[in-house]
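Structure file structure_17.cif (mmCIF, C-alpha atoms) follows.
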```
data_final
#
loop_
_atom_site.label_atom_id
_atom_site.label_comp_id
_atom_site.auth_asym_id
_atom_site.auth_seq_id
_atom_site.Cartn_x
_atom_site.Cartn_y
_atom_site.Cartn_z
CA MET K 1 11.24 -20.52 1.90
CA ILE K 2 8.28 -18.63 3.40
CA TYR K 3 8.23 -14.83 3.22
CA HIS K 4 5.90 -12.30 4.80
CA ILE K 5 5.86 -8.69 3.64
CA LEU K 6 4.16 -6.50 6.22
CA PRO K 7 2.57 -3.12 5.40
CA GLY K 8 4.74 -1.29 7.92
CA ASP K 9 6.94 -1.51 10.99
CA ALA K 10 3.94 -0.98 13.28
CA GLN K 11 2.88 -4.59 12.68
CA LEU K 12 6.26 -6.18 13.49
CA SER K 13 5.69 -6.71 17.20
CA ALA K 14 2.26 -8.32 16.88
CA PHE K 15 3.45 -10.51 14.02
CA LYS K 16 6.44 -11.79 15.99
CA GLU K 17 4.20 -12.53 18.97
CA SER K 18 1.83 -14.53 16.74
CA GLY K 19 4.36 -17.33 16.22
CA ILE K 20 3.80 -17.42 12.47
CA GLU K 21 6.87 -18.83 10.78
CA GLY K 22 8.75 -17.23 7.90
CA GLU K 23 11.19 -14.50 6.95
CA LEU K 24 9.96 -10.95 7.51
CA LEU K 25 10.11 -8.13 4.99
CA VAL K 26 8.58 -4.70 5.54
CA CYS K 27 7.04 -2.39 2.96
CA ARG K 28 8.15 1.10 3.94
CA GLU K 29 6.98 2.91 0.80
CA CYS K 30 4.20 5.38 0.01
CA LEU K 31 3.78 4.73 -3.70
CA VAL K 32 0.44 6.49 -3.56
CA GLU K 33 2.38 9.73 -4.07
CA GLY K 34 5.43 11.02 -5.88
CA ASP K 35 7.55 10.08 -8.89
CA LEU K 36 6.87 6.57 -10.21
CA SER K 37 9.00 6.80 -13.34
CA GLY K 38 11.97 4.67 -14.31
CA ASP K 39 12.84 2.44 -17.26
CA SER K 40 14.46 -0.10 -14.95
CA LEU K 41 14.00 -1.13 -11.33
CA ASP K 42 17.28 0.56 -10.43
CA GLU K 43 16.19 3.82 -12.05
CA PHE K 44 12.81 3.56 -10.37
CA PHE K 45 14.44 3.28 -6.95
CA VAL K 46 16.78 6.20 -7.70
CA ASN K 47 13.76 8.36 -8.55
CA ARG K 48 11.85 7.20 -5.49
CA ALA K 49 14.83 7.94 -3.22
CA ALA K 50 15.04 11.44 -4.71
CA PHE K 51 11.33 12.02 -4.10
CA ILE K 52 11.43 10.75 -0.51
CA ASN K 53 14.51 12.84 0.19
CA GLY K 54 12.89 15.97 -1.21
CA ALA K 55 9.49 15.45 0.38
CA TYR K 56 10.51 14.08 3.76
CA ASP K 57 14.19 15.03 4.08
CA GLU K 58 15.37 11.43 4.20
CA ASP K 59 18.85 10.26 3.22
CA PRO K 60 18.75 8.38 -0.12
CA ALA K 61 21.19 5.87 1.37
CA ASN K 62 18.58 4.99 3.98
CA TYR K 63 16.05 4.40 1.21
CA ASN K 64 18.32 1.88 -0.46
CA ALA K 65 19.10 0.08 2.80
CA ASN K 66 15.65 0.07 4.39
CA VAL K 67 13.16 0.29 1.52
CA ALA K 68 14.55 -0.82 -1.84
CA SER K 69 16.35 -3.77 -0.27
CA GLN K 70 13.04 -5.23 0.92
CA PHE K 71 11.49 -5.10 -2.54
CA ARG K 72 14.58 -6.55 -4.20
CA ARG K 73 14.13 -9.69 -2.13
CA LEU K 74 10.84 -10.26 -3.94
CA THR K 75 12.65 -10.41 -7.27
CA GLU K 76 14.81 -13.24 -5.93
CA VAL K 77 12.08 -15.68 -4.86
CA GLY K 78 11.53 -18.76 -6.97
CA ARG K 79 9.59 -21.95 -7.45
CA GLY K 80 8.71 -23.53 -4.14
CA ASP K 81 8.87 -20.23 -2.28
CA GLU K 82 5.78 -18.81 -0.61
CA VAL K 83 5.12 -15.08 -0.35
CA ASN K 84 2.43 -13.73 1.98
CA LEU K 85 1.41 -10.15 1.22
CA TRP K 86 -0.04 -8.47 4.31
CA PHE K 87 -1.81 -5.42 2.92
CA GLU K 88 -4.77 -3.33 4.00
CA TYR K 89 -7.82 -2.35 1.99
CA GLU K 90 -7.20 1.34 1.18
CA LEU K 91 -5.32 2.93 -1.74
CA PHE K 92 -2.09 3.59 0.19
CA CYS K 93 -1.66 -0.14 0.71
CA GLY K 94 -3.30 -0.96 -2.61
CA ALA K 95 -0.62 0.83 -4.63
CA ASN K 96 2.13 -0.88 -2.63
CA LEU K 97 0.43 -4.26 -3.12
CA TRP K 98 0.14 -3.73 -6.88
CA PHE K 99 3.85 -2.93 -7.07
CA CYS K 100 4.74 -6.08 -5.14
CA LEU K 101 2.57 -8.15 -7.47
CA ASP K 102 4.28 -6.60 -10.48
CA LEU K 103 7.63 -7.74 -9.07
CA LEU K 104 6.25 -11.18 -8.27
CA SER K 105 4.69 -11.58 -11.71
CA LYS K 106 8.21 -12.20 -12.99
CA THR K 107 8.76 -15.10 -10.54
CA SER K 108 7.22 -18.52 -10.03
CA ALA K 109 6.54 -18.17 -6.29
CA GLU K 110 3.22 -19.04 -4.65
CA VAL K 111 1.53 -15.82 -3.57
CA TYR K 112 -1.06 -15.26 -0.83
CA ARG K 113 -3.04 -12.17 0.17
CA VAL K 114 -3.51 -11.63 3.90
CA GLU K 115 -6.20 -9.07 4.82
CA PRO K 116 -7.41 -7.43 8.06
CA ILE K 117 -10.54 -9.57 8.01
CA TYR K 118 -11.60 -8.48 11.51
CA ARG K 119 -12.51 -5.03 10.16
CA THR K 120 -16.13 -4.10 9.48
CA ALA K 121 -17.64 -1.91 6.76
CA THR K 122 -17.39 1.10 9.08
CA ASP K 123 -13.72 0.74 9.99
CA ARG K 124 -12.36 -1.15 6.96
CA TRP K 125 -9.90 1.61 6.04
CA ASP K 126 -8.16 1.32 9.44
CA GLY K 127 -6.45 -1.85 8.27
CA PHE K 128 -4.06 -3.60 10.64
CA GLY K 129 -3.86 -0.62 12.96
CA GLY K 130 -3.86 -1.83 16.56
CA ALA K 131 -3.80 -5.50 15.52
CA THR K 132 -2.93 -8.02 18.23
CA ALA K 133 -1.03 -11.26 17.81
CA VAL K 134 -4.38 -13.07 17.86
CA ASP K 135 -5.69 -10.78 15.11
CA MET K 136 -2.62 -11.44 12.98
CA LEU K 137 -2.93 -15.20 13.39
CA ARG K 138 -6.63 -15.09 12.53
CA CYS K 139 -5.93 -13.09 9.38
CA PHE K 140 -3.15 -15.45 8.34
CA GLU K 141 -5.37 -18.49 8.76
CA ALA K 142 -7.93 -16.86 6.42
CA ARG K 143 -5.40 -15.89 3.74
CA ILE K 144 -6.32 -16.18 0.08
CA LYS K 145 -4.12 -17.93 -2.46
CA MET K 146 -3.71 -15.68 -5.45
CA THR K 147 -4.07 -17.24 -8.87
CA ASP K 148 -1.80 -16.44 -11.79
CA GLU K 149 -4.64 -14.26 -13.07
CA ASP K 150 -4.72 -12.36 -9.75
CA VAL K 151 -0.98 -11.72 -9.90
CA ASP K 152 -1.28 -10.55 -13.49
CA LEU K 153 -4.17 -8.28 -12.53
CA GLY K 154 -2.06 -6.74 -9.78
CA SER K 155 0.74 -6.12 -12.26
CA THR K 156 -1.67 -4.56 -14.74
CA LEU K 157 -3.13 -2.34 -12.01
CA TRP K 158 0.37 -1.18 -11.13
CA GLN K 159 1.21 -0.29 -14.72
CA ALA K 160 -2.03 1.67 -15.10
CA PHE K 161 -1.54 3.40 -11.75
CA ARG K 162 2.07 4.43 -12.30
CA SER K 163 1.25 5.88 -15.73
CA ALA K 164 -1.91 7.62 -14.44
CA ASP K 165 -3.94 5.80 -17.10
CA ASN K 166 -7.32 6.67 -15.63
CA GLU K 167 -9.25 5.11 -18.49
CA ARG K 168 -7.53 1.78 -17.89
CA LEU K 169 -8.03 2.06 -14.14
CA GLY K 170 -11.72 2.59 -14.78
CA GLU K 171 -11.84 -0.59 -16.87
CA LEU K 172 -9.90 -2.59 -14.29
CA SER K 173 -12.21 -1.42 -11.50
CA ASN K 174 -14.82 -3.81 -12.86
CA GLU K 175 -12.66 -6.89 -12.32
CA VAL K 176 -13.92 -9.23 -9.61
CA SER K 177 -11.67 -11.38 -7.43
CA PRO K 178 -11.73 -12.29 -3.72
CA ALA K 179 -8.05 -11.28 -3.67
CA PHE K 180 -8.97 -7.67 -4.52
CA PRO K 181 -11.77 -6.50 -2.22
CA TYR K 182 -12.99 -2.93 -2.72
CA LEU K 183 -11.19 -2.74 -6.08
CA LYS K 184 -13.74 -0.35 -7.54
CA GLU K 185 -13.34 2.05 -4.62
CA LEU K 186 -9.53 1.88 -4.90
CA CYS K 187 -9.50 2.52 -8.64
CA GLU K 188 -11.88 5.45 -8.19
CA ALA K 189 -9.60 6.84 -5.48
CA ALA K 190 -6.55 6.34 -7.71
CA ILE K 191 -8.26 8.33 -10.46
CA ALA K 192 -9.15 11.13 -8.03
CA LYS K 193 -5.99 11.22 -5.92
CA GLU K 194 -4.58 14.39 -7.50
CA THR K 195 -7.69 16.42 -6.70
CA THR K 196 -9.94 14.93 -4.01
CA PRO K 197 -7.54 14.70 -1.02
CA ALA K 198 -6.46 18.33 -1.39
CA ALA K 199 -10.09 19.40 -1.80
CA VAL K 200 -11.08 17.49 1.35
CA VAL K 201 -8.33 19.14 3.40
CA ASP K 202 -9.29 22.55 2.02
CA GLN K 203 -12.94 21.98 2.96
CA ILE K 204 -12.05 20.79 6.46
CA ARG K 205 -10.03 23.95 7.06
CA HIS K 206 -12.78 26.05 5.52
CA ASP K 207 -15.11 24.50 8.12
CA GLY K 208 -12.91 26.05 10.79
CA VAL K 209 -10.82 23.06 11.82
CA GLU K 210 -7.18 24.13 12.31
CA ASN K 211 -5.61 21.76 14.85
CA PHE K 212 -3.65 19.14 12.93
CA SER K 213 -4.87 16.19 14.99
CA ASP K 214 -8.46 17.22 14.34
CA ILE K 215 -7.80 17.80 10.65
CA PHE K 216 -6.19 14.39 10.34
CA LEU K 217 -9.03 12.58 12.09
CA GLU K 218 -11.61 14.39 9.98
CA PHE K 219 -9.68 13.61 6.81
CA ARG K 220 -9.63 9.94 7.76
CA ARG K 221 -13.38 10.08 8.34
CA ARG K 222 -14.16 11.76 5.03
CA ALA K 223 -11.48 10.25 2.80
CA GLY K 224 -10.30 7.08 4.53
CA VAL K 225 -10.21 5.19 1.23
CA PHE K 226 -6.96 7.01 0.36
CA GLY K 227 -5.27 5.61 3.48
CA TYR K 228 -3.08 8.68 3.93
CA GLY K 229 -0.96 8.86 7.06
CA ASP K 230 -0.10 12.00 8.98
CA SER K 231 2.88 12.74 6.71
CA GLN K 232 0.72 12.83 3.59
CA VAL K 233 -1.96 14.96 5.25
CA LYS K 234 0.68 17.43 6.49
CA ARG K 235 1.93 17.79 2.92
CA LEU K 236 -1.61 18.44 1.75
CA ILE K 237 -2.03 21.15 4.38
CA GLU K 238 1.21 22.80 3.29
CA ALA K 239 0.10 22.63 -0.34
CA THR K 240 -3.28 24.21 0.38
CA ALA K 241 -2.04 26.82 2.85
#
```
Re-express the file's structure as structure tokens.
Amino acid sequence: MIYHILPGDAQLSAFKESGIEGELLVCRECLVEGDLSGDSLDEFFVNRAAFINGAYDEDPANYNANVASQFRRLTEVGRGDEVNLWFEYELFCGANLWFCLDLLSKTSAEVYRVEPIYRTATDRWDGFGGATAVDMLRCFEARIKMTDEDVDLGSTLWQAFRSADNERLGELSNEVSPAFPYLKELCEAAIAKETTPAAVVDQIRHDGVENFSDIFLEFRRRAGVFGYGDSQVKRLIEATA
């Protein structure tokens, strides 16, 4: 069986138009923020549902049906199955990717990383935004097969990230693998995520920018490595108001 886990619903249309075969799963999480605790996967999802409900006023039942269910499929894959992880370069996607790899580290599936290779150094943090069917096909054709060591590294990154082990993240930032581009930048962002994004928003507002659209665009320009969407930036504005 071939599986594709996309970084969000925005990529569904272009992917379907590309003609790439396989079963679709969608990552609808924002593991870059909120409670990451839980001694079991079930407890982890309960805590995540509670966070999402409190932060974004979502029904926990929707979390189980639309979010947790997608991840649980990854725990069911086995030998002979192929999993293609379509994730962008920034920390938002990085944290989600690391979690997926932690789940997959307990399986024997073949794992591939699919990146937005059409991006340049100046727009790398924009990821698959605006991707066409041709873009998706091109990225798929350039996918990277992840080694067992890559999968283990992803799992280790997840464990360090969820426990806020900044010393370990600093050590892991020096690992080199084509499956983890910009790893140093992501680990540095992970270490700074509790302070830098809020400070950037505060500085933007101090500079006299008040319209949300302008704040969001400026935040993306100054701190694109975090990969925050409008929901995360709105929460930062509320927290610094």
Edge lengths and centre, in Å to one decimal, as AutoDock Vina command-line options: that's what I need for the box along x, y and z that holds all listed atoms of stretch 68-79 of chain K plus 5 Å on each side.
```
--center_x 13.0 --center_y -11.4 --center_z -3.3 --size_x 16.8 --size_y 31.1 --size_z 18.4
```
Report as a PyMOL selection string the residues that result from applying the PyMOL selection byres ((chain K and resi 22-26) around 8) to the structure here.
chain K and resi 1-9+20-21+27-28+67+70
Just so the selection is clear, what residues does the PyMOL selection byres ((chain K and resi 95-109) around 8) cover here, as an NGL selection string?
:K and (27 or 29-32 or 71 or 74-83 or 85 or 87 or 91-94 or 110-111 or 151-152 or 154-158 or 161)
For K:Cys139, the nearest of the candidates K:Asn166, K:Asn84, K:Asn64, K:Ser40, counting only C-alpha atoms:
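Checking each of K:Asn166, K:Asn84, K:Asn64, K:Ser40 against K:Cys139, counting only C-alpha atoms, the winner is K:Asn84.
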Could you work out how far atom CA of K:Ala49 lies from atom CA of K:Ser13, giving the answer in Å with one decimal?
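Atom-to-atom, atom CA of K:Ser13 to atom CA of K:Ala49, that is 26.7 Å.
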Which residues, named as in the file, does the PyMOL selection byres ((chain K and resi 229) around 10) pick out? Answer as a PyMOL selection string.
chain K and resi 30+92+216+219-220+224+226-228+230-234
Work out how far apart atom CA of K:Lys16 and atom CA of K:Arg143 are and give it in Å to one decimal.
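About the pair atom CA of K:Lys16 and atom CA of K:Arg143: they are 17.5 Å apart.
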Suppose you want the space between atom CA of K:Glu188 and atom CA of K:Gly170; what is it in Å?
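Pair atom CA of K:Glu188 / atom CA of K:Gly170 returns 7.2 Å.
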Given the choices K:Ser163, K:Ala61, K:Lys145, K:Leu236, which gets closest to K:Thr196 if the distance is worked out from all atoms listed in the file?
K:Leu236
When distances are computed from all atoms listed in the file, which of K:Val201, K:Ala239, K:Val46, K:Ala14 shows the smallest separation from K:Arg138?
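Closest residue, counting all atoms listed in the file: K:Ala14.
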Between K:Ala55, K:Leu137, K:Ile117, K:Arg222, which residue has the minimum interatomic distance to K:Glu33, considering only C-alpha atoms?
K:Ala55
For a cutoff of 9 Å around the file-coordinate point (-0.3, -7.7, 12.8), which residues qualify once you count all atoms listed in the file? I'd like the result as JSON, numbers by chain.
{"K": [6, 10, 11, 12, 13, 14, 15, 16, 18, 86, 116, 128, 129, 130, 131, 132, 133, 134, 135, 136, 137, 139]}
Counting all atoms listed in the file, which of K:Ile191, K:Arg235, K:Glu58, K:Ser213 gets nearest to K:Glu167?
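Looking at the shortest contact to K:Glu167, the residue is K:Ile191.
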